[in-house]
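Notes for the one structure printed next.
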Amino acid sequence: MGRAIKWMNFLLLFLSIASGSLSAQIWAQDIIRVGLLDLNDIPSFRCQSALGSHEWMLPNGQVLGPLDGMPTITSQAGSFQINSGEFSGHTPYVILRPKTHDARLRIVTEALGYRQYPGAIHFIHVRGTPRLIMESAMENYLPGVLAAEVGKGHAMPFYEAHAVISRSYAVQSIDRHRMDGYDLCDQVHCQVFKGTSTVNDTLHLACQTTRSLVLIDRIGRVATAAFHSNCGGQTRNGHDVWNGQMPYLQSIEDTTCSNAPHARWQRTVPRQEWDEFWSVHAVDSIQGILNARHKFHWPSASFKITYDPSIPDVYQVDGRGFGHGVGLCQEGAMQRALTGSSAWEILQNYYTGVRLLRYSHP
Ligand SMILES: [Zn+2]
Ligand SMILES: [Zn+2]
């Protein structure tokens, strides 16, 4: 699959000194391969051209025939059983290729309902596991990421800022699932992607107006554009939460998110459990606080503990924010977009000293 472009998986970064200042050019592939359904739990599904038309093709390029109607495809004992118009039979690996650029394939499963995908869909076995892999232009994939990660109803600069973030993440992570035969998965492990059936014109436009733009750091590397739901009033330093030097992930004060839905939370914690936890952690250390958040499954690591003598067995926990708190605060960015900030102003606010760069592809 896609062997002609496989070698391009490596992000090539060329730096040059021009007129005394550092300029950079990034070469990255424009085709992205996304691991879709793991078919272990989905023994059969149906597919159909939702837009345009598709044809069946073997990995060697041999065209088998058009996709007609809505055939059922069954995965069994290392091969796919297909009965579709001119093509029927068993095969361990087959591709549904779009015949036009705007073609979209609809895949229907009992568990997930229907999903719609751009590009070519590979029916393949990865280490014995049947699965689907989408091979699509980056810019046809990104609106689906925005639909899944951000949702609808926000101002355009917020979508534009998020399109740059999601593109930067995809370009930076392009080889994350290399050993699985694709670039990114469609889960929260990489970026959530549930196809493009819920993509509207606003999401398309946000991706088009920021086409090819990625965030880079001061020395020309694609930035790790981390984001979270709500920072609770102050974002965190990247190096406090993760290993590695990411000087653009600096803590900043952010009051724009203070009235948003995820600004506050409350919990209780049993006194005995809390005291036992701190008997083995350094009180007030950043790592201890981060560990406490994970142990007690709290929305964030910004919290205050209080004791009410009338409830002797538990502590009250008052928390702020939602998520790891590093990088862009989504609810703060949404508010900034509503009150007139541009996408670039939003990005500059949350990522210190970054620049925008248009990546090129061969
Ligand atoms: Zn992944
Ligand atoms: Zn915030």
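Every chain in the structure tokens takes a letter, A first, then B, and so on in the order presented; its residues are numbered from 1, and the ligands are numbered from 1 following the presented order.
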Query - Surrounding residues as a ChimeraX atom specification, ligand 1, max 9 Å, only C-alpha atoms and all ligand atoms - result: /A:34-35,176-177,183-191
Would you output that residue set with C-alpha atoms, as a tab-separated table (two decimals), in the first residue's frame?
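So the final result, stored in selection-v9.tsv, reads:
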```
chain	number	residue	atom	x	y	z
A	34	VAL	CA	-5.26	6.66	9.16
A	35	GLY	CA	-6.01	3.35	10.87
A	176	ARG	CA	3.45	7.16	15.13
A	177	HIS	CA	1.87	3.90	13.91
A	183	ASP	CA	0.48	6.99	10.21
A	184	LEU	CA	-2.14	7.84	12.86
A	185	CYS	CA	-5.01	5.97	14.49
A	186	ASP	CA	-8.51	7.47	14.63
A	187	GLN	CA	-8.72	7.33	18.45
A	188	VAL	CA	-7.81	9.79	21.21
A	189	HIS	CA	-4.33	8.18	21.28
A	190	CYS	CA	-3.59	10.20	18.11
A	191	GLN	CA	-6.45	12.45	16.95
```
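Using only C-alpha atoms and all ligand atoms as the basis for the distance check, residues found within 8 Å of ligand 2 are Ser229, Asn230, Cys231, Gly232, Gly233, Gln234, Thr235, Glu253, Asp254, Thr255, Thr256, Cys257, Ser258, Gly321, Leu328, Cys329, Gln330, Glu331, Gly332 and Ala333 of chain A.
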Counting only C-alpha atoms, give me one row per residue of stretch 116-137 of chain A with an atom at most 12 Å from an atom of stretch 52-55 of chain A, showing the shortest contact pair and its distance in Å to one decimal, sorted by chain then residue number, as JSON lines.
```
{"residue": "A:Tyr117", "atom": "CA", "partner": "A:His54", "partner_atom": "CA", "distance": 11.8}
{"residue": "A:Pro118", "atom": "CA", "partner": "A:Gly52", "partner_atom": "CA", "distance": 10.5}
{"residue": "A:Gly119", "atom": "CA", "partner": "A:His54", "partner_atom": "CA", "distance": 9.7}
{"residue": "A:Ala120", "atom": "CA", "partner": "A:His54", "partner_atom": "CA", "distance": 8.6}
{"residue": "A:Ile121", "atom": "CA", "partner": "A:His54", "partner_atom": "CA", "distance": 9.9}
{"residue": "A:His122", "atom": "CA", "partner": "A:Glu55", "partner_atom": "CA", "distance": 11.8}
```
Requested in this report: Taking the DSSP assignment computed from this structure's backbone, write out as a PyMOL selection string all residues of stretch 173-354 of chain A that belong to strand (DSSP E).
Outcome: chain A and resi 184-185+213-216+227-228+264-270+302-307+314-320+328-329
Requested in this report: Find, counting only C-alpha atoms, the residue in A:Pro299, A:Ile346, A:Gln116, A:Arg218 that gets nearest to A:Val164.
Outcome: A:Ile346
Query - Members of stretch 211-338 of chain A assigned helix (DSSP H, G or I) by DSSP, as a PyMOL selection string - result: chain A and resi 238-241+271-279+286-296+330-338
Query raised in the report: Taking only C-alpha atoms into account, which of A:Thr109, A:Asn83, A:Thr100, A:Gln208 comes nearest A:Pro43?
Result: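 Smallest distance to A:Pro43 is found for A:Thr109.
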Query raised in the report: Of the candidates A:Leu39, A:Arg106, A:Phe123, A:Phe45, which one gets nearest to A:Pro59 if we count only C-alpha atoms?
Result: A:Phe123
Report task. Determine, counting only C-alpha atoms, which protein, DNA and RNA residues have an atom within 10 Å of an atom of A:Lys194; residues of the same chain fewer than 6 positions away are not included. Present the result as a list of chain:residue names. Result ->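 Close residues of A:Lys194: A:Leu36, A:Leu37, A:Leu112, A:Tyr114, A:Arg115, A:Gln116, A:Tyr117, A:Tyr141, A:Gly144, A:Val145, A:Ala147, A:Ala148, A:Glu149, A:Asp186, A:Gln187.
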Query - For A:Ser300: contacts at 12 Å, only C-alpha atoms, fewer than 4 positions along chain excluded, given as an MDAnalysis selection string - result: chainID A and resid 228:236 241 262:267 289:296 304 317:326
How would the residues just chosen look if you wrote them out with C-alpha atoms as a PDB file, in the first residue's frame?
```pdb
ATOM      1  CA  HIS A 228      -6.862  20.975  26.746  1.00  0.00           C
ATOM      2  CA  SER A 229     -10.473  21.945  27.590  1.00  0.00           C
ATOM      3  CA  ASN A 230     -10.001  24.568  30.302  1.00  0.00           C
ATOM      4  CA  CYS A 231      -6.870  25.730  32.152  1.00  0.00           C
ATOM      5  CA  GLY A 232      -8.689  26.983  35.277  1.00  0.00           C
ATOM      6  CA  GLY A 233      -7.070  30.424  35.056  1.00  0.00           C
ATOM      7  CA  GLN A 234      -3.416  29.502  34.481  1.00  0.00           C
ATOM      8  CA  THR A 235      -1.895  27.141  31.924  1.00  0.00           C
ATOM      9  CA  ARG A 236       0.959  24.823  32.942  1.00  0.00           C
ATOM     10  CA  VAL A 241       3.895  17.628  32.952  1.00  0.00           C
ATOM     11  CA  HIS A 262     -15.378  23.329  32.566  1.00  0.00           C
ATOM     12  CA  ALA A 263     -14.004  26.160  34.737  1.00  0.00           C
ATOM     13  CA  ARG A 264     -14.938  24.575  38.097  1.00  0.00           C
ATOM     14  CA  TRP A 265     -15.474  21.132  39.550  1.00  0.00           C
ATOM     15  CA  GLN A 266     -16.086  19.639  42.995  1.00  0.00           C
ATOM     16  CA  ARG A 267     -15.391  16.242  44.472  1.00  0.00           C
ATOM     17  CA  ILE A 289      -0.194  16.823  42.599  1.00  0.00           C
ATOM     18  CA  LEU A 290      -0.183  15.409  39.059  1.00  0.00           C
ATOM     19  CA  ASN A 291      -0.149  11.877  40.487  1.00  0.00           C
ATOM     20  CA  ALA A 292      -3.044  12.719  42.819  1.00  0.00           C
ATOM     21  CA  ARG A 293      -5.099  13.883  39.852  1.00  0.00           C
ATOM     22  CA  HIS A 294      -4.555  10.573  38.064  1.00  0.00           C
ATOM     23  CA  LYS A 295      -5.073   8.396  41.130  1.00  0.00           C
ATOM     24  CA  PHE A 296      -8.411   9.987  42.028  1.00  0.00           C
ATOM     25  CA  LYS A 304      -7.903  23.014  46.821  1.00  0.00           C
ATOM     26  CA  VAL A 317     -12.078  19.115  46.811  1.00  0.00           C
ATOM     27  CA  ASP A 318     -12.659  22.319  44.815  1.00  0.00           C
ATOM     28  CA  GLY A 319     -10.998  22.180  41.421  1.00  0.00           C
ATOM     29  CA  ARG A 320     -10.436  24.459  38.470  1.00  0.00           C
ATOM     30  CA  GLY A 321     -10.139  23.590  34.806  1.00  0.00           C
ATOM     31  CA  PHE A 322     -10.314  20.398  32.801  1.00  0.00           C
ATOM     32  CA  GLY A 323      -7.387  18.543  31.243  1.00  0.00           C
ATOM     33  CA  HIS A 324      -3.577  18.622  31.583  1.00  0.00           C
ATOM     34  CA  GLY A 325      -3.484  22.422  31.327  1.00  0.00           C
ATOM     35  CA  VAL A 326      -0.602  22.619  28.833  1.00  0.00           C
TER      36      VAL A 326
END
```
Requested in this report: State, in Å with one decimal place, the distance from atom CA of A:Met138 to atom CA of A:Thr209.
Outcome: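 According to the coordinates, atom CA of A:Met138 and atom CA of A:Thr209 are separated by 14.1 Å.
What separates atom CA of A:Arg355 from atom CA of A:Leu215 is a distance of 5.7 Å.
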Query raised in the report: Between A:Met334, A:Leu67, A:Ile219, A:Ile124, which is the closest to A:His154 once you count only C-alpha atoms?
Result: A:Met334
Query - Shell around A:Arg33 at 7 Å using only C-alpha atoms, local window under 6 positions removed, as a list in words - result: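 Here the answer would be Ile133, Met134, Glu135, Ser136, Tyr182, Asp183 and Leu184 of chain A.
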Those residues with C-alpha atoms, as a tab-separated table (two decimals), in the first residue's frame please?
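Okay, this is what ended up in again01.tsv:
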```tsv
chain	number	residue	atom	x	y	z
A	133	ILE	CA	-6.92	2.00	6.56
A	134	MET	CA	-7.86	5.30	4.92
A	135	GLU	CA	-5.35	6.87	2.55
A	136	SER	CA	-6.38	10.48	2.01
A	182	TYR	CA	-0.37	3.52	8.87
A	183	ASP	CA	0.48	6.99	10.21
A	184	LEU	CA	-2.14	7.84	12.86
```
Query raised in the report: If we count only C-alpha atoms, what is near A:Val354 at a cut-off of 6 Å, once residues fewer than 2 positions away on the same chain are taken out, given as a list in words?
Result: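 The residues satisfying every condition are Ile216, Asp217 and Thr352 of chain A.
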Report task. For A:Gln272, list every protein, DNA or RNA residue within 12 Å, evaluated using only C-alpha atoms, and leave out those in the same chain fewer than 2 positions away; present the list as a PyMOL selection string. Result -> chain A and resi 269-270+274-279+312-315
Residues just named, written with N, CA and C atoms as a compact mmCIF listing (two decimals), in the first residue's frame:
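Final output, saved to again_22.txt:
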```
# COMPACT_ATOMS: atom_id res chain seq x y z
N VAL A 269 -13.07 13.34 48.81
CA VAL A 269 -12.13 12.23 48.85
C VAL A 269 -12.07 11.72 50.29
N PRO A 270 -12.11 10.39 50.52
CA PRO A 270 -12.02 9.86 51.89
C PRO A 270 -10.72 10.32 52.56
N TRP A 274 -6.74 9.82 51.30
CA TRP A 274 -5.94 11.01 50.97
C TRP A 274 -4.67 11.07 51.82
N ASP A 275 -4.82 10.82 53.11
CA ASP A 275 -3.66 10.88 54.01
C ASP A 275 -2.65 9.79 53.67
N GLU A 276 -3.16 8.60 53.30
CA GLU A 276 -2.25 7.51 52.92
C GLU A 276 -1.49 7.87 51.64
N PHE A 277 -2.19 8.51 50.70
CA PHE A 277 -1.54 8.89 49.45
C PHE A 277 -0.37 9.83 49.73
N TRP A 278 -0.59 10.83 50.60
CA TRP A 278 0.46 11.82 50.84
C TRP A 278 1.57 11.31 51.77
N SER A 279 1.32 10.18 52.41
CA SER A 279 2.39 9.61 53.25
C SER A 279 3.52 9.07 52.38
N PRO A 312 -16.76 14.38 58.97
CA PRO A 312 -15.40 14.06 59.42
C PRO A 312 -14.63 13.08 58.54
N ASP A 313 -15.32 12.26 57.76
CA ASP A 313 -14.61 11.20 57.05
C ASP A 313 -14.07 11.60 55.68
N VAL A 314 -14.45 12.77 55.20
CA VAL A 314 -14.02 13.13 53.85
C VAL A 314 -13.47 14.56 53.81
N TYR A 315 -12.64 14.83 52.82
CA TYR A 315 -12.21 16.19 52.48
C TYR A 315 -13.04 16.68 51.28
```
Report task. Give the answer as one residue: which of A:Gly288, A:Glu273, A:Ser44, A:Asp201 has the shortest atom-to-atom distance to A:Ala111, using only C-alpha atoms? Result -> A:Ser44
Query raised in the report: So how many Å separate atom CA of A:Thr72 and atom CA of A:Cys47, to one decimal?
Result: 7.0 Å
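Of the listed residues A:Gln29, A:Gln335, A:Asn140, A:Ser285, the one whose atoms come nearest to A:Ser173 is A:Gln29, with distances taken using only C-alpha atoms.
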